[in-house]
Amino acid sequence: MSNAAKHRKRAAEFEQRKQIDRAIASYVKAIEESEAAGEEIDVALYNKVGDLALRQGRVPDAITYFECAVEHYATSGLFNNAIALCNKILRNAPGRVNVHFTLGRISARKGLRGDAARNFLEYATRMQQEGRVEEGIRALAEILDIMPELNDVRAMVEALAARSGVALPRRRSPLRADRVPTPESTPALREQTSQDLIFLEIDYG
């Protein structure tokens with residue numbers, strides 16, 4: 001039995017005896033031993049530690065471990081797991097704004113354009129409220145990357161970025177002929193300027 005497995009077994013025993021602090025410490029040790037030995041980490045352990053930390057009311061610690069799990073799941077292409085954990089984070093820490101950006105990226109990779117746009121727009125709105133206009137603009141650029149048919153909005157965002165001195169990333173996917181919008185598919189848009197940031201109402205379909 002590997003050292004990581006021994007610590008995990010011990011952690012389960014502590015958990016059964018409701019010795020949560022010792023269980024958390026042993027699960028963390030199991031993760032560390034796996035990393036040190038170059039072994040594949042059981043990502044579920046991050047979620048387990050997060051759940052135990054939540055039971056103790058240690059929300060910041062729990063969120064840290066949940067975010068580690070999200071990163072591992074997303075890297076492995078397990079997008080549903082990553083999305084579920086992001087939603088768990090937001091339920092317990094609604095102010096964790098960066099999770100909306102992460103959800104946007106993961107949803108986009110999974111092909112969920114509407115969910116991706118919603119999360120990028122939420123992130124952009126929160127950034128504007130915090131006075132971080134540059135971050136907001138970049139989030140809007142992410143929406144345009146997954147919805148390239150929004151040509152009028154793209155022009156407005158690019159103009160705003162130029163005025164603000166923000167370098168937008170180059171679009172990753174060129175607009176294909178089969179994605180050119182029709183009157184039926186074009187999202188309804190509303191431009192509203194507030195502290196130099198454009199807000200959109202998008203029909204996510």
# chains A, B, ... in the order shown; residues from 1 in each chain; ligands from 1
>>> residues_around(residues="A:Asn47", least_positions_apart="6", cutoff="10 Å", atoms="only C-alpha atoms", output="VMD selection string")
chain A and resid 53 62 to 70 85
>>> write_last_selection(atoms="C-alpha atoms", output="JSON list (two decimals), in the first residue's frame")
[["chain", "number", "residue", "atom", "x", "y", "z"],
["A", 53, "ALA", "CA", -14.04, 22.12, 5.68],
["A", 62, "ALA", "CA", -13.27, 24.74, 1.32],
["A", 63, "ILE", "CA", -13.34, 27.02, -1.72],
["A", 64, "THR", "CA", -9.57, 26.67, -2.17],
["A", 65, "TYR", "CA", -9.87, 22.89, -2.41],
["A", 66, "PHE", "CA", -12.93, 23.02, -4.63],
["A", 67, "GLU", "CA", -11.07, 25.30, -7.04],
["A", 68, "CYS", "CA", -8.15, 22.85, -7.14],
["A", 69, "ALA", "CA", -10.61, 20.13, -8.11],
["A", 70, "VAL", "CA", -12.17, 22.35, -10.80],
["A", 85, "LEU", "CA", -18.13, 22.16, -8.54]]
>>> select_by_dssp(residues="stretch 91-122 of chain A", states="helix (DSSP H, G or I)", output="PyMOL selection string")
chain A and resi 91-92+98-110+113-122
>>> residues_around(residues="stretch 5-20 of chain A", least_positions_apart="3", cutoff="12 Å", atoms="only C-alpha atoms", output="PyMOL selection string")
chain A and resi 1-2+23-34+37+39-42+44-46+48-58
>>> write_last_selection(atoms="N, CA, C and O atoms", output="CSV table (one decimal), in the first residue's frame")
chain,number,residue,atom,x,y,z
A,1,MET,N,0.8,-1.2,0.0
A,1,MET,CA,0.0,0.0,0.0
A,1,MET,C,0.9,1.2,0.0
A,1,MET,O,1.8,1.3,0.8
A,2,SER,N,0.6,2.2,-0.9
A,2,SER,CA,1.4,3.4,-1.0
A,2,SER,C,1.1,4.3,0.2
A,2,SER,O,0.2,4.1,1.0
A,23,ALA,N,-9.1,14.1,10.1
A,23,ALA,CA,-9.5,13.5,8.8
A,23,ALA,C,-9.0,14.5,7.7
A,23,ALA,O,-8.4,14.0,6.7
A,24,ILE,N,-9.2,15.7,7.8
A,24,ILE,CA,-8.8,16.7,6.8
A,24,ILE,C,-7.3,16.7,6.7
A,24,ILE,O,-6.7,16.6,5.6
A,25,ALA,N,-6.6,16.7,7.8
A,25,ALA,CA,-5.1,16.6,7.8
A,25,ALA,C,-4.6,15.4,7.0
A,25,ALA,O,-3.6,15.5,6.3
A,26,SER,N,-5.2,14.2,7.3
A,26,SER,CA,-4.8,13.0,6.6
A,26,SER,C,-5.1,13.0,5.1
A,26,SER,O,-4.3,12.5,4.3
A,27,TYR,N,-6.3,13.5,4.8
A,27,TYR,CA,-6.6,13.6,3.3
A,27,TYR,C,-5.6,14.5,2.6
A,27,TYR,O,-5.2,14.2,1.5
A,28,VAL,N,-5.3,15.6,3.3
A,28,VAL,CA,-4.3,16.6,2.6
A,28,VAL,C,-3.0,15.9,2.5
A,28,VAL,O,-2.3,16.0,1.5
A,29,LYS,N,-2.6,15.1,3.5
A,29,LYS,CA,-1.3,14.4,3.5
A,29,LYS,C,-1.3,13.4,2.3
A,29,LYS,O,-0.3,13.2,1.6
A,30,ALA,N,-2.5,12.8,2.1
A,30,ALA,CA,-2.6,11.8,1.0
A,30,ALA,C,-2.4,12.5,-0.4
A,30,ALA,O,-1.7,12.0,-1.2
A,31,ILE,N,-2.9,13.7,-0.5
A,31,ILE,CA,-2.7,14.5,-1.7
A,31,ILE,C,-1.3,14.8,-1.9
A,31,ILE,O,-0.7,14.7,-3.0
A,32,GLU,N,-0.7,15.3,-0.8
A,32,GLU,CA,0.8,15.7,-0.9
A,32,GLU,C,1.7,14.5,-1.2
A,32,GLU,O,2.6,14.6,-2.0
A,33,GLU,N,1.4,13.3,-0.6
A,33,GLU,CA,2.2,12.1,-0.9
A,33,GLU,C,2.0,11.7,-2.3
A,33,GLU,O,3.0,11.3,-3.0
A,34,SER,N,0.8,11.8,-2.9
A,34,SER,CA,0.6,11.5,-4.3
A,34,SER,C,1.5,12.4,-5.2
A,34,SER,O,2.1,12.0,-6.2
A,37,ALA,N,5.2,11.6,-5.0
A,37,ALA,CA,5.6,10.4,-5.6
A,37,ALA,C,5.3,10.4,-7.1
A,37,ALA,O,5.6,9.4,-7.8
A,39,GLU,N,2.5,10.4,-8.5
A,39,GLU,CA,1.3,9.5,-8.8
A,39,GLU,C,0.1,10.4,-9.2
A,39,GLU,O,0.1,11.6,-8.9
A,40,GLU,N,-0.8,9.8,-9.9
A,40,GLU,CA,-2.0,10.5,-10.3
A,40,GLU,C,-2.9,10.8,-9.0
A,40,GLU,O,-3.1,9.9,-8.2
A,41,ILE,N,-3.2,12.0,-8.9
A,41,ILE,CA,-4.0,12.4,-7.7
A,41,ILE,C,-5.5,12.1,-7.9
A,41,ILE,O,-6.0,12.3,-9.0
A,42,ASP,N,-6.1,11.5,-6.9
A,42,ASP,CA,-7.5,11.3,-6.9
A,42,ASP,C,-8.2,12.6,-6.6
A,42,ASP,O,-8.2,13.1,-5.5
A,44,ALA,N,-11.1,13.5,-6.4
A,44,ALA,CA,-12.2,13.5,-5.4
A,44,ALA,C,-11.8,13.8,-4.0
A,44,ALA,O,-12.6,14.3,-3.2
A,45,LEU,N,-10.5,13.7,-3.8
A,45,LEU,CA,-10.0,14.0,-2.4
A,45,LEU,C,-10.1,15.5,-2.2
A,45,LEU,O,-10.3,16.0,-1.1
A,46,TYR,N,-9.8,16.3,-3.2
A,46,TYR,CA,-10.0,17.8,-3.1
A,46,TYR,C,-11.4,18.1,-2.7
A,46,TYR,O,-11.7,19.0,-1.8
A,48,LYS,N,-13.5,16.1,-1.3
A,48,LYS,CA,-13.8,15.6,0.1
A,48,LYS,C,-13.3,16.6,1.2
A,48,LYS,O,-14.0,16.9,2.1
A,49,VAL,N,-12.1,17.1,1.0
A,49,VAL,CA,-11.5,18.0,1.9
A,49,VAL,C,-12.4,19.3,2.0
A,49,VAL,O,-12.7,19.8,3.0
A,50,GLY,N,-12.8,19.7,0.8
A,50,GLY,CA,-13.7,20.9,0.7
A,50,GLY,C,-15.0,20.7,1.5
A,50,GLY,O,-15.4,21.6,2.2
A,51,ASP,N,-15.6,19.5,1.3
A,51,ASP,CA,-16.8,19.3,2.0
A,51,ASP,C,-16.6,19.2,3.5
A,51,ASP,O,-17.5,19.7,4.3
A,52,LEU,N,-15.5,18.6,4.0
A,52,LEU,CA,-15.3,18.5,5.4
A,52,LEU,C,-15.0,19.9,6.0
A,52,LEU,O,-15.5,20.2,7.1
A,53,ALA,N,-14.3,20.8,5.2
A,53,ALA,CA,-14.0,22.1,5.7
A,53,ALA,C,-15.3,22.9,5.8
A,53,ALA,O,-15.5,23.7,6.7
A,54,LEU,N,-16.3,22.7,4.8
A,54,LEU,CA,-17.6,23.3,4.9
A,54,LEU,C,-18.3,22.9,6.1
A,54,LEU,O,-19.0,23.8,6.8
A,55,ARG,N,-18.2,21.7,6.5
A,55,ARG,CA,-18.9,21.2,7.7
A,55,ARG,C,-18.4,21.9,9.0
A,55,ARG,O,-19.2,22.1,9.9
A,56,GLN,N,-17.2,22.4,8.9
A,56,GLN,CA,-16.6,23.1,10.0
A,56,GLN,C,-16.8,24.6,9.9
A,56,GLN,O,-16.4,25.4,10.7
A,57,GLY,N,-17.5,25.0,8.8
A,57,GLY,CA,-17.7,26.5,8.6
A,57,GLY,C,-16.5,27.2,8.1
A,57,GLY,O,-16.5,28.4,8.0
A,58,ARG,N,-15.5,26.4,7.6
A,58,ARG,CA,-14.3,27.0,7.0
A,58,ARG,C,-14.5,27.2,5.5
A,58,ARG,O,-13.8,26.5,4.7
>>> atom_distance(atom1="atom CA of A:Ala117", atom2="atom CA of A:Gly104")
6.5 Å
>>> residues_around(residues="A:Ser107", least_positions_apart="5", cutoff="12 Å", atoms="only C-alpha atoms", output="PDB file with N, CA and C atoms, in the first residue's frame")
ATOM      1  N   ALA A  74     -11.200  20.231 -15.259  1.00  0.00           N
ATOM      2  CA  ALA A  74     -11.212  20.932 -16.541  1.00  0.00           C
ATOM      3  C   ALA A  74     -10.036  20.501 -17.408  1.00  0.00           C
ATOM      4  N   GLY A  77     -10.681  17.305 -19.065  1.00  0.00           N
ATOM      5  CA  GLY A  77     -11.829  17.262 -19.955  1.00  0.00           C
ATOM      6  C   GLY A  77     -13.112  16.794 -19.292  1.00  0.00           C
ATOM      7  N   LEU A  78     -13.113  16.719 -17.960  1.00  0.00           N
ATOM      8  CA  LEU A  78     -14.320  16.314 -17.229  1.00  0.00           C
ATOM      9  C   LEU A  78     -15.141  17.568 -16.905  1.00  0.00           C
ATOM     10  N   PHE A  79     -15.729  18.122 -17.944  1.00  0.00           N
ATOM     11  CA  PHE A  79     -16.368  19.426 -17.830  1.00  0.00           C
ATOM     12  C   PHE A  79     -17.606  19.410 -16.933  1.00  0.00           C
ATOM     13  N   ASN A  80     -18.377  18.337 -16.979  1.00  0.00           N
ATOM     14  CA  ASN A  80     -19.571  18.289 -16.130  1.00  0.00           C
ATOM     15  C   ASN A  80     -19.198  18.346 -14.650  1.00  0.00           C
ATOM     16  N   ASN A  81     -18.147  17.610 -14.282  1.00  0.00           N
ATOM     17  CA  ASN A  81     -17.678  17.647 -12.894  1.00  0.00           C
ATOM     18  C   ASN A  81     -17.219  19.042 -12.513  1.00  0.00           C
ATOM     19  N   ALA A  82     -16.471  19.674 -13.428  1.00  0.00           N
ATOM     20  CA  ALA A  82     -15.952  21.015 -13.159  1.00  0.00           C
ATOM     21  C   ALA A  82     -17.092  22.016 -13.004  1.00  0.00           C
ATOM     22  N   ILE A  83     -18.093  21.925 -13.868  1.00  0.00           N
ATOM     23  CA  ILE A  83     -19.230  22.847 -13.805  1.00  0.00           C
ATOM     24  C   ILE A  83     -20.010  22.656 -12.508  1.00  0.00           C
ATOM     25  N   ALA A  84     -20.212  21.398 -12.121  1.00  0.00           N
ATOM     26  CA  ALA A  84     -20.943  21.117 -10.875  1.00  0.00           C
ATOM     27  C   ALA A  84     -20.218  21.716  -9.680  1.00  0.00           C
ATOM     28  N   CYS A  86     -18.079  24.271  -9.740  1.00  0.00           N
ATOM     29  CA  CYS A  86     -18.160  25.741  -9.824  1.00  0.00           C
ATOM     30  C   CYS A  86     -19.484  26.223  -9.234  1.00  0.00           C
ATOM     31  N   VAL A  99     -15.067  32.789 -10.422  1.00  0.00           N
ATOM     32  CA  VAL A  99     -15.661  31.510 -10.792  1.00  0.00           C
ATOM     33  C   VAL A  99     -16.590  31.672 -11.999  1.00  0.00           C
ATOM     34  N   HIS A 100     -17.231  32.841 -12.142  1.00  0.00           N
ATOM     35  CA  HIS A 100     -18.068  33.075 -13.316  1.00  0.00           C
ATOM     36  C   HIS A 100     -17.221  33.054 -14.584  1.00  0.00           C
ATOM     37  N   PHE A 101     -16.024  33.617 -14.509  1.00  0.00           N
ATOM     38  CA  PHE A 101     -15.140  33.594 -15.683  1.00  0.00           C
ATOM     39  C   PHE A 101     -14.730  32.153 -15.987  1.00  0.00           C
ATOM     40  N   THR A 102     -14.370  31.400 -14.943  1.00  0.00           N
ATOM     41  CA  THR A 102     -14.000  29.996 -15.114  1.00  0.00           C
ATOM     42  C   THR A 102     -15.153  29.207 -15.725  1.00  0.00           C
ATOM     43  N   LEU A 112     -21.483  24.948 -24.676  1.00  0.00           N
ATOM     44  CA  LEU A 112     -22.698  25.556 -24.116  1.00  0.00           C
ATOM     45  C   LEU A 112     -22.593  27.075 -24.239  1.00  0.00           C
ATOM     46  N   ARG A 113     -22.878  27.581 -25.428  1.00  0.00           N
ATOM     47  CA  ARG A 113     -22.643  28.992 -25.704  1.00  0.00           C
ATOM     48  C   ARG A 113     -23.475  29.913 -24.819  1.00  0.00           C
ATOM     49  N   GLY A 114     -24.733  29.549 -24.605  1.00  0.00           N
ATOM     50  CA  GLY A 114     -25.598  30.397 -23.788  1.00  0.00           C
ATOM     51  C   GLY A 114     -25.105  30.487 -22.357  1.00  0.00           C
ATOM     52  N   ASP A 115     -24.756  29.345 -21.768  1.00  0.00           N
ATOM     53  CA  ASP A 115     -24.241  29.344 -20.395  1.00  0.00           C
ATOM     54  C   ASP A 115     -22.928  30.112 -20.305  1.00  0.00           C
ATOM     55  N   ALA A 116     -22.077  29.926 -21.313  1.00  0.00           N
ATOM     56  CA  ALA A 116     -20.800  30.635 -21.321  1.00  0.00           C
ATOM     57  C   ALA A 116     -21.022  32.140 -21.354  1.00  0.00           C
ATOM     58  N   ALA A 117     -21.904  32.591 -22.250  1.00  0.00           N
ATOM     59  CA  ALA A 117     -22.165  34.027 -22.384  1.00  0.00           C
ATOM     60  C   ALA A 117     -22.747  34.600 -21.102  1.00  0.00           C
ATOM     61  N   ARG A 118     -23.662  33.862 -20.465  1.00  0.00           N
ATOM     62  CA  ARG A 118     -24.263  34.338 -19.222  1.00  0.00           C
ATOM     63  C   ARG A 118     -23.198  34.568 -18.152  1.00  0.00           C
ATOM     64  N   ASN A 119     -22.278  33.632 -18.045  1.00  0.00           N
ATOM     65  CA  ASN A 119     -21.256  33.750 -17.003  1.00  0.00           C
ATOM     66  C   ASN A 119     -20.232  34.830 -17.323  1.00  0.00           C
ATOM     67  N   PHE A 120     -19.854  34.960 -18.580  1.00  0.00           N
ATOM     68  CA  PHE A 120     -18.938  36.047 -18.950  1.00  0.00           C
ATOM     69  C   PHE A 120     -19.595  37.403 -18.703  1.00  0.00           C
ATOM     70  N   GLU A 142     -14.664  37.645 -24.671  1.00  0.00           N
ATOM     71  CA  GLU A 142     -14.872  36.194 -24.639  1.00  0.00           C
ATOM     72  C   GLU A 142     -16.251  35.842 -25.207  1.00  0.00           C
ATOM     73  N   ILE A 143     -17.254  36.658 -24.885  1.00  0.00           N
ATOM     74  CA  ILE A 143     -18.590  36.419 -25.437  1.00  0.00           C
ATOM     75  C   ILE A 143     -18.533  36.500 -26.957  1.00  0.00           C
ATOM     76  N   ILE A 146     -17.178  33.406 -28.718  1.00  0.00           N
ATOM     77  CA  ILE A 146     -18.051  32.248 -28.879  1.00  0.00           C
ATOM     78  C   ILE A 146     -19.326  32.585 -29.641  1.00  0.00           C
TER      79      ILE A 146
END
